[in-house]
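Chemist: This is the structure, below, for whatever I ask next.
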Amino acid sequence: MATQPSQQHGNSNHAEPPADVQVPTEKTYDVHATVGSTRSQSRDAPEISEIVVGGVYYRPLLQATFRGDWESAKRFFERDPASKTARITSRSETVLHVAALSARDQFFENLVELLSSYPGALEMVDCDGRTALHNAVQCGRIKMVKALVRRDPGLTQLPDCRQRFPFEISTHEASTHKEIAWFLAKITIEHGPRPFCRDYAINLILDLTYAGHHDITLYLVGKCPHLLTQKRRNLSVLGVLARMQSHFLSVTRLGVLEALIFKCIPVDLNYEPTYENSRNMQTSVDSVLQCLASLLWNAAKILVPPIKRIHEVKLKHGAAVELAKQVCIAISYMKPTEITEFFLERNLLGIATTKGNSELVKICIQFFPELIRISPNGESLMTLAVKSRKERIISLFLKVSSTNELSLVPAPTREEAERMMLAAAKFDSDFDAVTYVSGAAFQMQRELQWFKAVERWLFPDFGTFKYEGKAYWQIFTEEHKELLEKGEKWVKHTGDKCMLVSTLVATVLFAAAFTVPGGNNNAGFPLLLGQDSLLIFAISDALGLFSSVTSILLFLAILTSRYDPEDFLDSLPQKIIMGLVSLFLSLAFMLVAFTATLTIVLEKRLEWVFIPITLLASIPVFLFAQLQLPLLFQMVKSTYGPSIFRAEDIWE
């Protein structure tokens, strides 16, 4: 509500407008915002005067607010004290509302300090019923939020016209402003559980769960346990966890260094941030140690940036597992029929299986062993795992038999076995990205590994059974016809290009063998015979030539292969791996031969040349290690490494 200076305030309270602005003087305006209004008065329906609509009188104050010019705003307040709480925009916003949108933290903190002596000033609302706290939360300004809440914690209990509390707004912004969500969660629940007593309070928990802030969710459900099993449109916390597979470690890919850091980083699931004023902090030994640990931790995150991300991953993973356990504990108090209905509704375990969320499936079966036989949508969890190619899920149902072979436990019925075999034979292109191997040939290899494994787990004579008159192997070849063609094309293209490079390397190394550095004498012997550099040149040149010729023969064998489906299981991958290794070795030996030759030529003239040559020669080695070794490692692991199917004890 706008306030026009009038004779009631006296001349000293008038705010002088700019010289080129004509302010109406004949008309009198009512004062709608009164300093010192109560909470109920501050939240009445606002009225907007003509002077606000004109937007002339308060324009200098608005400009100063958006610029963060505190001195100009302070002079305006001194000339017109009523402007501190006046509604200065057409949306009935006060200067505090505008300051919350201006992203000027220091200006806002000064304004809150100035308004602290005006009761109800912080609780005034705009035309949407929003306080300045709503705006600060929406804009993600943690300093503004803290400044307001510390002055008036009751602001957290005031909803807007749409009945949205500040904490509810923060849950929507939690993906980018977690600190605000943590702060408001703690303050809101400490000063009144009003936002959590409504029927749709579960929305707050689900929004936080979607954002991955399970530590905040754990804190809130610890205060309000009834929210653990509540649902929104038949979707519960456990249902959200089943869909968010990235929140669990089973589907999170970490490098070697990242995995090492992951194991070493400590995570406290009971951690609760403290937001007390610095003057109220105790100076005990524990506080000093806590501050020191915080400083060291912040320094580590700055010096080693991956530490922060990996810590967040580990915290999210640990909190997600703990949250799933808390939900299962709450479900365990239900009746047996209600438990089964809870998991069948929205296909909870089926979605977790399809997503590869093995940790959640494992936790649910540990709490409710009867779920091991559950068949959402008519398909068992084992069939879904085979269909979606989730080896971590199928590992939960594998056990070592008396013959030291892996078998499925519980053993599937004949109908389940037929569905599993059909799922292994069929190919769904939506799941080809989860194989984590490069090239269509190795994707075909992974599909063959799945088919052969499922065939081995089922009845020994299962291969004689047919589906609609077709053998399962015939179904497999028909379903994978397109992938087989892509694999053949990939292998031929790779073999052709690599063979060309190998031929060029062999040609260069063969010619170099007859062009010895330093020349030969009349008898044909090298003039530098006996020097170490010449010996290194001769050995590396010979080894490089042999390696390149071997690579040519391997890639030639690849190009002349039959490309039958079974060839992609072992034969073709082995030839590709050995061919690539031979090619890489020939390139390395060629580089060593070149370095030795250059050292011989320049050694007498530039004695220091050995060091820069060595450094330059290490650049290709580094690039190879960074760009090609991970790919080669995946190929070797897929072909020669341990099986992707390893039994995992579901009760550990």
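We label chains A, B, ... in the order they appear in the structure tokens, count residues from 1 in each chain, and number ligands from 1 in the order shown.
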Got a sec: who's within 10 Å of stretch 476-482 of chain A, counting only C-alpha atoms, leaving out chain neighbours fewer than 6 positions off, as a PDB file with C-alpha atoms, in the first residue's frame?

Modeler:
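Okay, this is what ended up in part31.pdb:
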```pdb
ATOM      1  CA  MET A 421      14.595 -68.126 -22.156  1.00  0.00           C
ATOM      2  CA  LEU A 422      12.430 -66.056 -24.476  1.00  0.00           C
ATOM      3  CA  ALA A 423      13.587 -62.863 -22.733  1.00  0.00           C
ATOM      4  CA  ALA A 424      17.216 -63.918 -23.252  1.00  0.00           C
ATOM      5  CA  ALA A 425      16.574 -64.657 -26.925  1.00  0.00           C
ATOM      6  CA  LYS A 426      14.841 -61.371 -27.674  1.00  0.00           C
ATOM      7  CA  PHE A 427      16.668 -58.071 -28.089  1.00  0.00           C
ATOM      8  CA  ASP A 428      15.494 -54.691 -26.889  1.00  0.00           C
ATOM      9  CA  SER A 429      17.497 -51.809 -28.304  1.00  0.00           C
ATOM     10  CA  MET A 444      26.663 -58.700 -29.563  1.00  0.00           C
ATOM     11  CA  GLU A 447      23.998 -60.596 -25.706  1.00  0.00           C
ATOM     12  CA  LEU A 448      25.523 -64.005 -26.440  1.00  0.00           C
ATOM     13  CA  PHE A 451      21.787 -66.205 -23.796  1.00  0.00           C
ATOM     14  CA  GLU A 488      29.927 -57.156 -38.773  1.00  0.00           C
ATOM     15  CA  ASP A 564      28.514 -66.213 -37.622  1.00  0.00           C
ATOM     16  CA  PRO A 565      26.700 -65.137 -34.419  1.00  0.00           C
ATOM     17  CA  GLU A 566      28.804 -67.482 -32.261  1.00  0.00           C
TER      18      GLU A 566
END
```

Chemist: If you measure from atom CA of A:Tyr57 to atom CA of A:Asp160, what distance in Å do you get, rounded to one decimal?

Modeler: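 Separation between atom CA of A:Tyr57 and atom CA of A:Asp160: 28.1 Å.
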
Chemist: Step one, run DSSP on the backbone; step two, keep only residues of stretch 47-144 of chain A assigned to alpha helix (DSSP H); then write them as a ChimeraX atom specification.

Modeler: /A:50-54,59-67,70-79,95-101,105-115,132-139,142-144

Chemist: Rank nothing, just name the residue among A:Ala64, A:Val240, A:Leu398, A:Met420 nearest to A:Val95, using only C-alpha atoms.

Modeler: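 Checking each of A:Ala64, A:Val240, A:Leu398, A:Met420 against A:Val95, counting only C-alpha atoms, the winner is A:Ala64.
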
Chemist: What is the distance between atom CA of A:Ser246 and atom CA of A:Pro306, in Å to one decimal?

Modeler: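 These two atoms are separated by 17.6 Å.
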
Chemist: Write out as an MDAnalysis selection string which residues come within 10 Å of A:Trp182 when counting only C-alpha atoms, dropping same-chain ones fewer than 4 positions away.

Modeler: chainID A and resid 167 170:171 174 177:178 186:188 213 215:217 219 272:274

Chemist: Could you write out that same residue set with C-alpha atoms as an mmCIF file, in the first residue's frame?

Modeler:
```
data_model
loop_
_atom_site.group_PDB
_atom_site.id
_atom_site.type_symbol
_atom_site.label_atom_id
_atom_site.label_comp_id
_atom_site.auth_asym_id
_atom_site.auth_seq_id
_atom_site.Cartn_x
_atom_site.Cartn_y
_atom_site.Cartn_z
ATOM 1 C CA PHE A 167 9.818 -24.697 2.910
ATOM 2 C CA SER A 170 12.469 -24.677 -1.220
ATOM 3 C CA THR A 171 11.761 -28.347 -1.978
ATOM 4 C CA ALA A 174 16.298 -28.134 -3.648
ATOM 5 C CA HIS A 177 19.702 -24.758 -3.383
ATOM 6 C CA LYS A 178 20.067 -27.609 -0.920
ATOM 7 C CA LYS A 186 15.192 -27.576 10.540
ATOM 8 C CA ILE A 187 13.678 -24.206 11.446
ATOM 9 C CA THR A 188 10.177 -24.989 10.159
ATOM 10 C CA HIS A 213 18.526 -34.952 -0.723
ATOM 11 C CA ASP A 215 19.653 -36.717 4.367
ATOM 12 C CA ILE A 216 17.021 -33.984 4.664
ATOM 13 C CA THR A 217 14.274 -36.538 4.101
ATOM 14 C CA TYR A 219 15.668 -35.847 9.253
ATOM 15 C CA GLU A 272 22.454 -31.779 11.108
ATOM 16 C CA PRO A 273 23.698 -28.314 10.106
ATOM 17 C CA THR A 274 23.703 -25.649 12.808
#
```

Chemist: Mind giving me the straight-line distance from atom CA of A:Tyr472 to atom CA of A:Asp570 in Å, one decimal?

Modeler: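 Value for the atom CA of A:Tyr472-atom CA of A:Asp570 distance: 20.5 Å.
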
Chemist: Which is closer to A:Phe342 than all the others in A:Pro119, A:Gly192, A:Pro166, A:Gly239, using only C-alpha atoms?

Modeler: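 Going through A:Pro119, A:Gly192, A:Pro166, A:Gly239 one by one, the smallest distance to A:Phe342 is for A:Gly239.
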